[in-house]
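See below for the structure under consideration.
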Amino acid sequence: MGDVVQAVSGLTQTEGFLNIMGEIKVSPDYNWFRSTVPLKKIIVDDDDSKVWSLYDAGPRSIRCPLIFLPPVSGTADVFFQQILALTGWGYRVIALQYPVYWDHLEFCDGFRKLLDHLQLDKVHLFGASLGGFLAQKFAEYTHKSPRVQSLILCNAFSDTSIFNQTWTANSFWLMPAFMLKKIVLGNFASGPLDPEMADGIDFMVDRLESLGQSELASRLTLNCQNSYVEPHKIRDIPVTIMDVFDQSALSTEAKEEMYKLYPNARRAHLKTGGNFPYLCRSAEVNLYIQIHLLQFHGTRYAAIDPSMVSAEELEVQKISLHTSNEQEEQ
């Protein structure tokens with residue numbers, strides 16, 4: 001009974017959040033994004049109820065785009081600032097929203113079918129929180145016939161046991177939506193926040209409200225179902241680990257585990273940004289994404305239109321690649 005009372009108070013808290021109209025939702029950038037980039041819906045499974053929603057922006061000639069995978073509370077449009085900036089620089093970017101999948105294998109199979117449908121052989125993946133875990137699981141799932149060229153893991157984890165919810169994972173489907181939202185809201189930052197972070201949280205709460213019971217239950221199940229990443233299957237994939245130094249849902253232990261798992265990964269640290277740096281620290285996140293993708297410029301795995309890359313930049317890239325290869329040989 002106490003849980004129900006807590007959940008009801010959580011619902012009131014959600015409504016309190018929503019009563020404050022978030023700046024992001026009414027911003028010119030967000031409205032421009034919604035009016036210029038169409039939301040597509042694609043079914044790739046035999047079950048017609050499993051619908052992928054996605055924004056696909058940038059040059060279609062690019063065959064190895066950057067794909068964004070959202071956290072539990074997120075929809076495809078939480079990455080609108082990355083889509084606007086990166087496509088402006090010549091990148092092809094796809095932001096996804098998952099259908100209802102109840103286990104990691106089912107998700108990986110569905111995502112592979114989606115890439116086949118989009119005629120994409122290999123892709124770069126940016127995964128936030130749950131999205132980061134699913135990105136790693138997909139790279140692991142396809143390791144014998146690789147589909148992932150690189151990974152950017154933002155506030156991600158490698159083992160679901162860190163949430164201490166594996167024993168309840170199979171009961172989320174029974175819970176009403178307001179209780180599921182209470183569970184998710186429990187991980188949102190509280191206390192004094194700077195305006196950008198407060199706006200980011202308001203926007204994410206609004207996105208959370210748009211998710212139905214089965215969508216939320218399935219995502220929480222994927223987030224907490226007993227599973228971990230097998231690093232030996234994906235050790236050859238270039239990885240950038242992006243995390244924040246301030247409060248987030250990720251413990252210090254979980255971050256350290258990621259560093260151990262990927263000792264050769266590039267590290268992109270943000271001083272602040274909380275759970276949603278791609279919303280409230282978008283300029284920094286976009287810069288780190290560009291730095292990560294720079295290593296593929298001038299190759300068949302470039303996510304950018306070649307005409308948008310200067311000859312000088314390509315020359316610098318070739319020299320740095322040559323230098324790093326020599327160092328590895330030594």
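Residues in the structure tokens are numbered from 1 in each chain, the chains being A, B, ... in the order shown, and ligands are numbered from 1 in the order shown.
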With DSSP run on the backbone, what are the strand (DSSP E or B) residues within segment 23-157 of chain A? I'd like them as a PyMOL selection string.
chain A and resi 39-42+52-57+66-69+91+93-97+123-128+148-154
N, CA and C atoms of the current selection, written as a short mmCIF file (atom, residue, chain, number, x, y, z; two decimals), in the first residue's frame:
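Result file follows (again_37.cif):
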```cif
data_model
loop_
_atom_site.label_atom_id
_atom_site.label_comp_id
_atom_site.auth_asym_id
_atom_site.auth_seq_id
_atom_site.Cartn_x
_atom_site.Cartn_y
_atom_site.Cartn_z
N LEU A 39 8.86 12.86 -39.12
CA LEU A 39 8.95 11.63 -38.32
C LEU A 39 8.42 10.48 -39.16
N LYS A 40 9.28 9.47 -39.37
CA LYS A 40 8.88 8.30 -40.16
C LYS A 40 8.53 7.14 -39.24
N LYS A 41 7.61 6.31 -39.68
CA LYS A 41 7.24 5.11 -38.92
C LYS A 41 7.46 3.89 -39.81
N ILE A 42 8.19 2.91 -39.29
CA ILE A 42 8.59 1.74 -40.08
C ILE A 42 8.31 0.47 -39.30
N TRP A 52 8.86 1.18 -35.44
CA TRP A 52 10.01 2.03 -35.19
C TRP A 52 9.66 3.44 -35.65
N SER A 53 9.92 4.43 -34.81
CA SER A 53 9.74 5.83 -35.20
C SER A 53 11.12 6.45 -35.34
N LEU A 54 11.35 7.20 -36.40
CA LEU A 54 12.70 7.76 -36.59
C LEU A 54 12.70 9.05 -37.39
N TYR A 55 13.71 9.86 -37.10
CA TYR A 55 14.05 11.04 -37.89
C TYR A 55 15.32 10.70 -38.66
N ASP A 56 15.29 10.85 -39.97
CA ASP A 56 16.45 10.57 -40.83
C ASP A 56 16.78 11.85 -41.57
N ALA A 57 17.88 12.50 -41.19
CA ALA A 57 18.22 13.80 -41.78
C ALA A 57 19.66 13.80 -42.29
N LEU A 66 25.30 8.21 -38.44
CA LEU A 66 25.30 8.13 -36.98
C LEU A 66 23.86 7.94 -36.51
N ILE A 67 23.62 6.89 -35.72
CA ILE A 67 22.27 6.60 -35.23
C ILE A 67 22.22 6.82 -33.72
N PHE A 68 21.19 7.56 -33.26
CA PHE A 68 21.02 7.87 -31.84
C PHE A 68 19.97 6.96 -31.22
N LEU A 69 20.32 6.38 -30.07
CA LEU A 69 19.41 5.51 -29.32
C LEU A 69 19.11 6.17 -27.97
N TYR A 91 26.62 15.96 -41.96
CA TYR A 91 26.50 14.57 -41.51
C TYR A 91 25.10 14.02 -41.79
N VAL A 93 22.32 11.82 -40.02
CA VAL A 93 21.99 11.45 -38.65
C VAL A 93 20.59 10.83 -38.61
N ILE A 94 20.45 9.75 -37.84
CA ILE A 94 19.15 9.11 -37.64
C ILE A 94 18.91 9.01 -36.13
N ALA A 95 17.76 9.48 -35.66
CA ALA A 95 17.39 9.34 -34.26
C ALA A 95 16.18 8.42 -34.17
N LEU A 96 16.25 7.44 -33.28
CA LEU A 96 15.24 6.37 -33.22
C LEU A 96 14.38 6.42 -31.96
N GLN A 97 13.23 5.78 -32.09
CA GLN A 97 12.39 5.46 -30.93
C GLN A 97 12.02 3.99 -31.06
N VAL A 123 27.00 1.09 -39.29
CA VAL A 123 26.58 2.38 -38.73
C VAL A 123 27.43 2.74 -37.52
N HIS A 124 27.42 4.02 -37.20
CA HIS A 124 27.97 4.51 -35.93
C HIS A 124 26.80 4.65 -34.97
N LEU A 125 26.97 4.27 -33.71
CA LEU A 125 25.87 4.35 -32.75
C LEU A 125 26.23 5.28 -31.60
N PHE A 126 25.30 6.20 -31.30
CA PHE A 126 25.38 7.03 -30.09
C PHE A 126 24.25 6.55 -29.19
N GLY A 127 24.60 5.99 -28.04
CA GLY A 127 23.57 5.49 -27.13
C GLY A 127 23.62 6.20 -25.79
N ALA A 128 22.46 6.67 -25.32
CA ALA A 128 22.37 7.35 -24.03
C ALA A 128 21.74 6.42 -23.00
N VAL A 148 28.30 -2.62 -36.63
CA VAL A 148 28.61 -1.40 -35.88
C VAL A 148 30.06 -0.99 -36.16
N GLN A 149 30.23 0.21 -36.72
CA GLN A 149 31.57 0.70 -37.04
C GLN A 149 32.21 1.38 -35.84
N SER A 150 31.40 2.05 -35.02
CA SER A 150 31.95 2.68 -33.81
C SER A 150 30.82 2.97 -32.83
N LEU A 151 31.21 3.26 -31.58
CA LEU A 151 30.25 3.51 -30.49
C LEU A 151 30.59 4.80 -29.75
N ILE A 152 29.56 5.60 -29.48
CA ILE A 152 29.68 6.71 -28.53
C ILE A 152 28.70 6.39 -27.41
N LEU A 153 29.22 6.19 -26.21
CA LEU A 153 28.41 5.71 -25.09
C LEU A 153 28.27 6.83 -24.07
N CYS A 154 27.08 7.41 -23.99
CA CYS A 154 26.83 8.58 -23.13
C CYS A 154 26.09 8.15 -21.86
#
```
Report as a count of residues only all protein, DNA and RNA residues lying within 9 Å of Ser171 of chain A, evaluated on only C-alpha atoms, omitting residues in the same chain fewer than 3 positions from it.
6
Close residues, Pro277 of chain A itself excluded, 12 Å, only C-alpha atoms, min 2 positions apart in chain, as a ChimeraX atom specification:
/A:78-79,81-82,128-129,154-155,196-201,204,242-248,268-275,279-286,288
Among segment 39-281 of chain A, which residues does DSSP mark as alpha helix (DSSP H) when it is run on the backbone? Keep the chain and numbering as in the structure and answer as JSON, numbers by chain.
{"A": [80, 81, 82, 83, 84, 85, 86, 87, 88, 104, 105, 106, 107, 108, 109, 110, 111, 112, 113, 114, 115, 116, 117, 130, 131, 132, 133, 134, 135, 136, 137, 138, 139, 140, 141, 177, 178, 179, 180, 181, 182, 183, 184, 185, 195, 196, 197, 198, 199, 200, 201, 202, 203, 204, 205, 206, 207, 208, 209, 213, 214, 215, 216, 217, 218, 219, 220, 221, 222, 223, 224, 252, 253, 254, 255, 256, 257, 258, 259, 260, 261, 277, 278, 279, 280]}
Select from segment 184-297 of chain A every residue with an atom at most 10 Å from any atom of segment 100-109 of chain A, then for each give the shortest pair of atoms and their distance in Å to one decimal, using only C-alpha atoms, rows by chain and rising number, as a Markdown table.
```
| residue | atom | partner | partner_atom | distance |
| --- | --- | --- | --- | --- |
| A:Ser214 | CA | A:Val100 | CA | 6.7 |
| A:Glu215 | CA | A:Val100 | CA | 5.5 |
| A:Leu216 | CA | A:Val100 | CA | 8.6 |
| A:Ala217 | CA | A:Val100 | CA | 8.6 |
| A:Ser218 | CA | A:Trp102 | CA | 5.3 |
| A:Arg219 | CA | A:Val100 | CA | 7.6 |
| A:Leu220 | CA | A:Trp102 | CA | 9.2 |
| A:Thr221 | CA | A:Trp102 | CA | 6.5 |
| A:Leu222 | CA | A:Asp103 | CA | 5.9 |
| A:Asn223 | CA | A:His104 | CA | 9.4 |
| A:Gln225 | CA | A:Asp103 | CA | 7.6 |
| A:Asn226 | CA | A:Asp103 | CA | 10.0 |
| A:Ser227 | CA | A:His104 | CA | 8.5 |
```
Expected file: the selected residues, N, CA, C and O atoms, as a CSV table (one decimal), in the first residue's frame:
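Written file, selection.csv:
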```csv
chain,number,residue,atom,x,y,z
A,214,SER,N,3.0,0.2,-22.1
A,214,SER,CA,3.8,-1.0,-22.6
A,214,SER,C,5.1,-0.5,-23.1
A,214,SER,O,6.1,-1.2,-22.9
A,215,GLU,N,5.2,0.8,-23.6
A,215,GLU,CA,6.5,1.3,-24.0
A,215,GLU,C,7.4,1.5,-22.8
A,215,GLU,O,8.6,1.0,-22.8
A,216,LEU,N,6.9,2.1,-21.7
A,216,LEU,CA,7.7,2.3,-20.5
A,216,LEU,C,8.1,0.9,-19.9
A,216,LEU,O,9.2,0.7,-19.5
A,217,ALA,N,7.1,0.0,-19.8
A,217,ALA,CA,7.3,-1.3,-19.1
A,217,ALA,C,8.4,-2.0,-19.9
A,217,ALA,O,9.3,-2.6,-19.3
A,218,SER,N,8.3,-2.0,-21.2
A,218,SER,CA,9.3,-2.8,-22.0
A,218,SER,C,10.7,-2.2,-21.8
A,218,SER,O,11.7,-2.9,-21.7
A,219,ARG,N,10.8,-0.9,-21.8
A,219,ARG,CA,12.1,-0.2,-21.7
A,219,ARG,C,12.7,-0.5,-20.3
A,219,ARG,O,13.9,-0.7,-20.2
A,220,LEU,N,11.9,-0.4,-19.3
A,220,LEU,CA,12.4,-0.7,-17.9
A,220,LEU,C,12.8,-2.1,-17.8
A,220,LEU,O,13.8,-2.5,-17.1
A,221,THR,N,12.1,-3.0,-18.5
A,221,THR,CA,12.5,-4.5,-18.5
A,221,THR,C,13.8,-4.6,-19.2
A,221,THR,O,14.7,-5.3,-18.6
A,222,LEU,N,14.1,-4.0,-20.3
A,222,LEU,CA,15.4,-4.1,-21.0
A,222,LEU,C,16.5,-3.5,-20.1
A,222,LEU,O,17.6,-3.9,-20.2
A,223,ASN,N,16.1,-2.4,-19.4
A,223,ASN,CA,17.1,-1.7,-18.6
A,223,ASN,C,17.5,-2.5,-17.4
A,223,ASN,O,18.7,-2.4,-16.9
A,225,GLN,N,16.6,-6.2,-16.9
A,225,GLN,CA,16.7,-7.6,-17.1
A,225,GLN,C,18.2,-8.1,-17.0
A,225,GLN,O,19.1,-7.4,-17.5
A,226,ASN,N,18.4,-9.2,-16.3
A,226,ASN,CA,19.8,-9.6,-16.0
A,226,ASN,C,20.6,-9.8,-17.2
A,226,ASN,O,20.3,-10.7,-18.0
A,227,SER,N,21.6,-9.0,-17.4
A,227,SER,CA,22.4,-9.1,-18.7
A,227,SER,C,23.7,-8.2,-18.5
A,227,SER,O,23.7,-7.3,-17.7
```
Check which residues of segment 75-163 of chain A sit at most 9 Å from segment 26-34 of chain A using only C-alpha atoms, and return one row each with the closest pair of atoms and their distance in Å to one decimal, ordered by chain and rising number, as JSON lines.
```
{"residue": "A:Asp77", "atom": "CA", "partner": "A:Arg34", "partner_atom": "CA", "distance": 8.5}
{"residue": "A:Phe80", "atom": "CA", "partner": "A:Phe33", "partner_atom": "CA", "distance": 6.7}
{"residue": "A:Gln81", "atom": "CA", "partner": "A:Asp29", "partner_atom": "CA", "distance": 7.8}
{"residue": "A:Ile83", "atom": "CA", "partner": "A:Phe33", "partner_atom": "CA", "distance": 8.4}
{"residue": "A:Leu84", "atom": "CA", "partner": "A:Phe33", "partner_atom": "CA", "distance": 7.0}
```
Same residues, N, CA and C atoms, saved as a JSON list (two decimals), in the first residue's frame:
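Resulting contents of result07.json:
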```
[["chain", "number", "residue", "atom", "x", "y", "z"],
["A", 77, "ASP", "N", 13.02, 12.60, -30.57],
["A", 77, "ASP", "CA", 13.30, 14.03, -30.72],
["A", 77, "ASP", "C", 14.15, 14.62, -29.59],
["A", 80, "PHE", "N", 17.20, 16.38, -30.94],
["A", 80, "PHE", "CA", 16.97, 17.34, -32.03],
["A", 80, "PHE", "C", 18.13, 18.33, -32.19],
["A", 81, "GLN", "N", 18.81, 18.67, -31.09],
["A", 81, "GLN", "CA", 19.92, 19.63, -31.20],
["A", 81, "GLN", "C", 21.13, 19.02, -31.91],
["A", 83, "ILE", "N", 20.74, 16.62, -34.25],
["A", 83, "ILE", "CA", 20.30, 16.50, -35.64],
["A", 83, "ILE", "C", 20.48, 17.83, -36.37],
["A", 84, "LEU", "N", 20.03, 18.93, -35.76],
["A", 84, "LEU", "CA", 20.14, 20.24, -36.41],
["A", 84, "LEU", "C", 21.59, 20.62, -36.67]]
```
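Going from atom CA of Gly131 of chain A to atom CA of Gly298 of chain A covers 27.9 Å.
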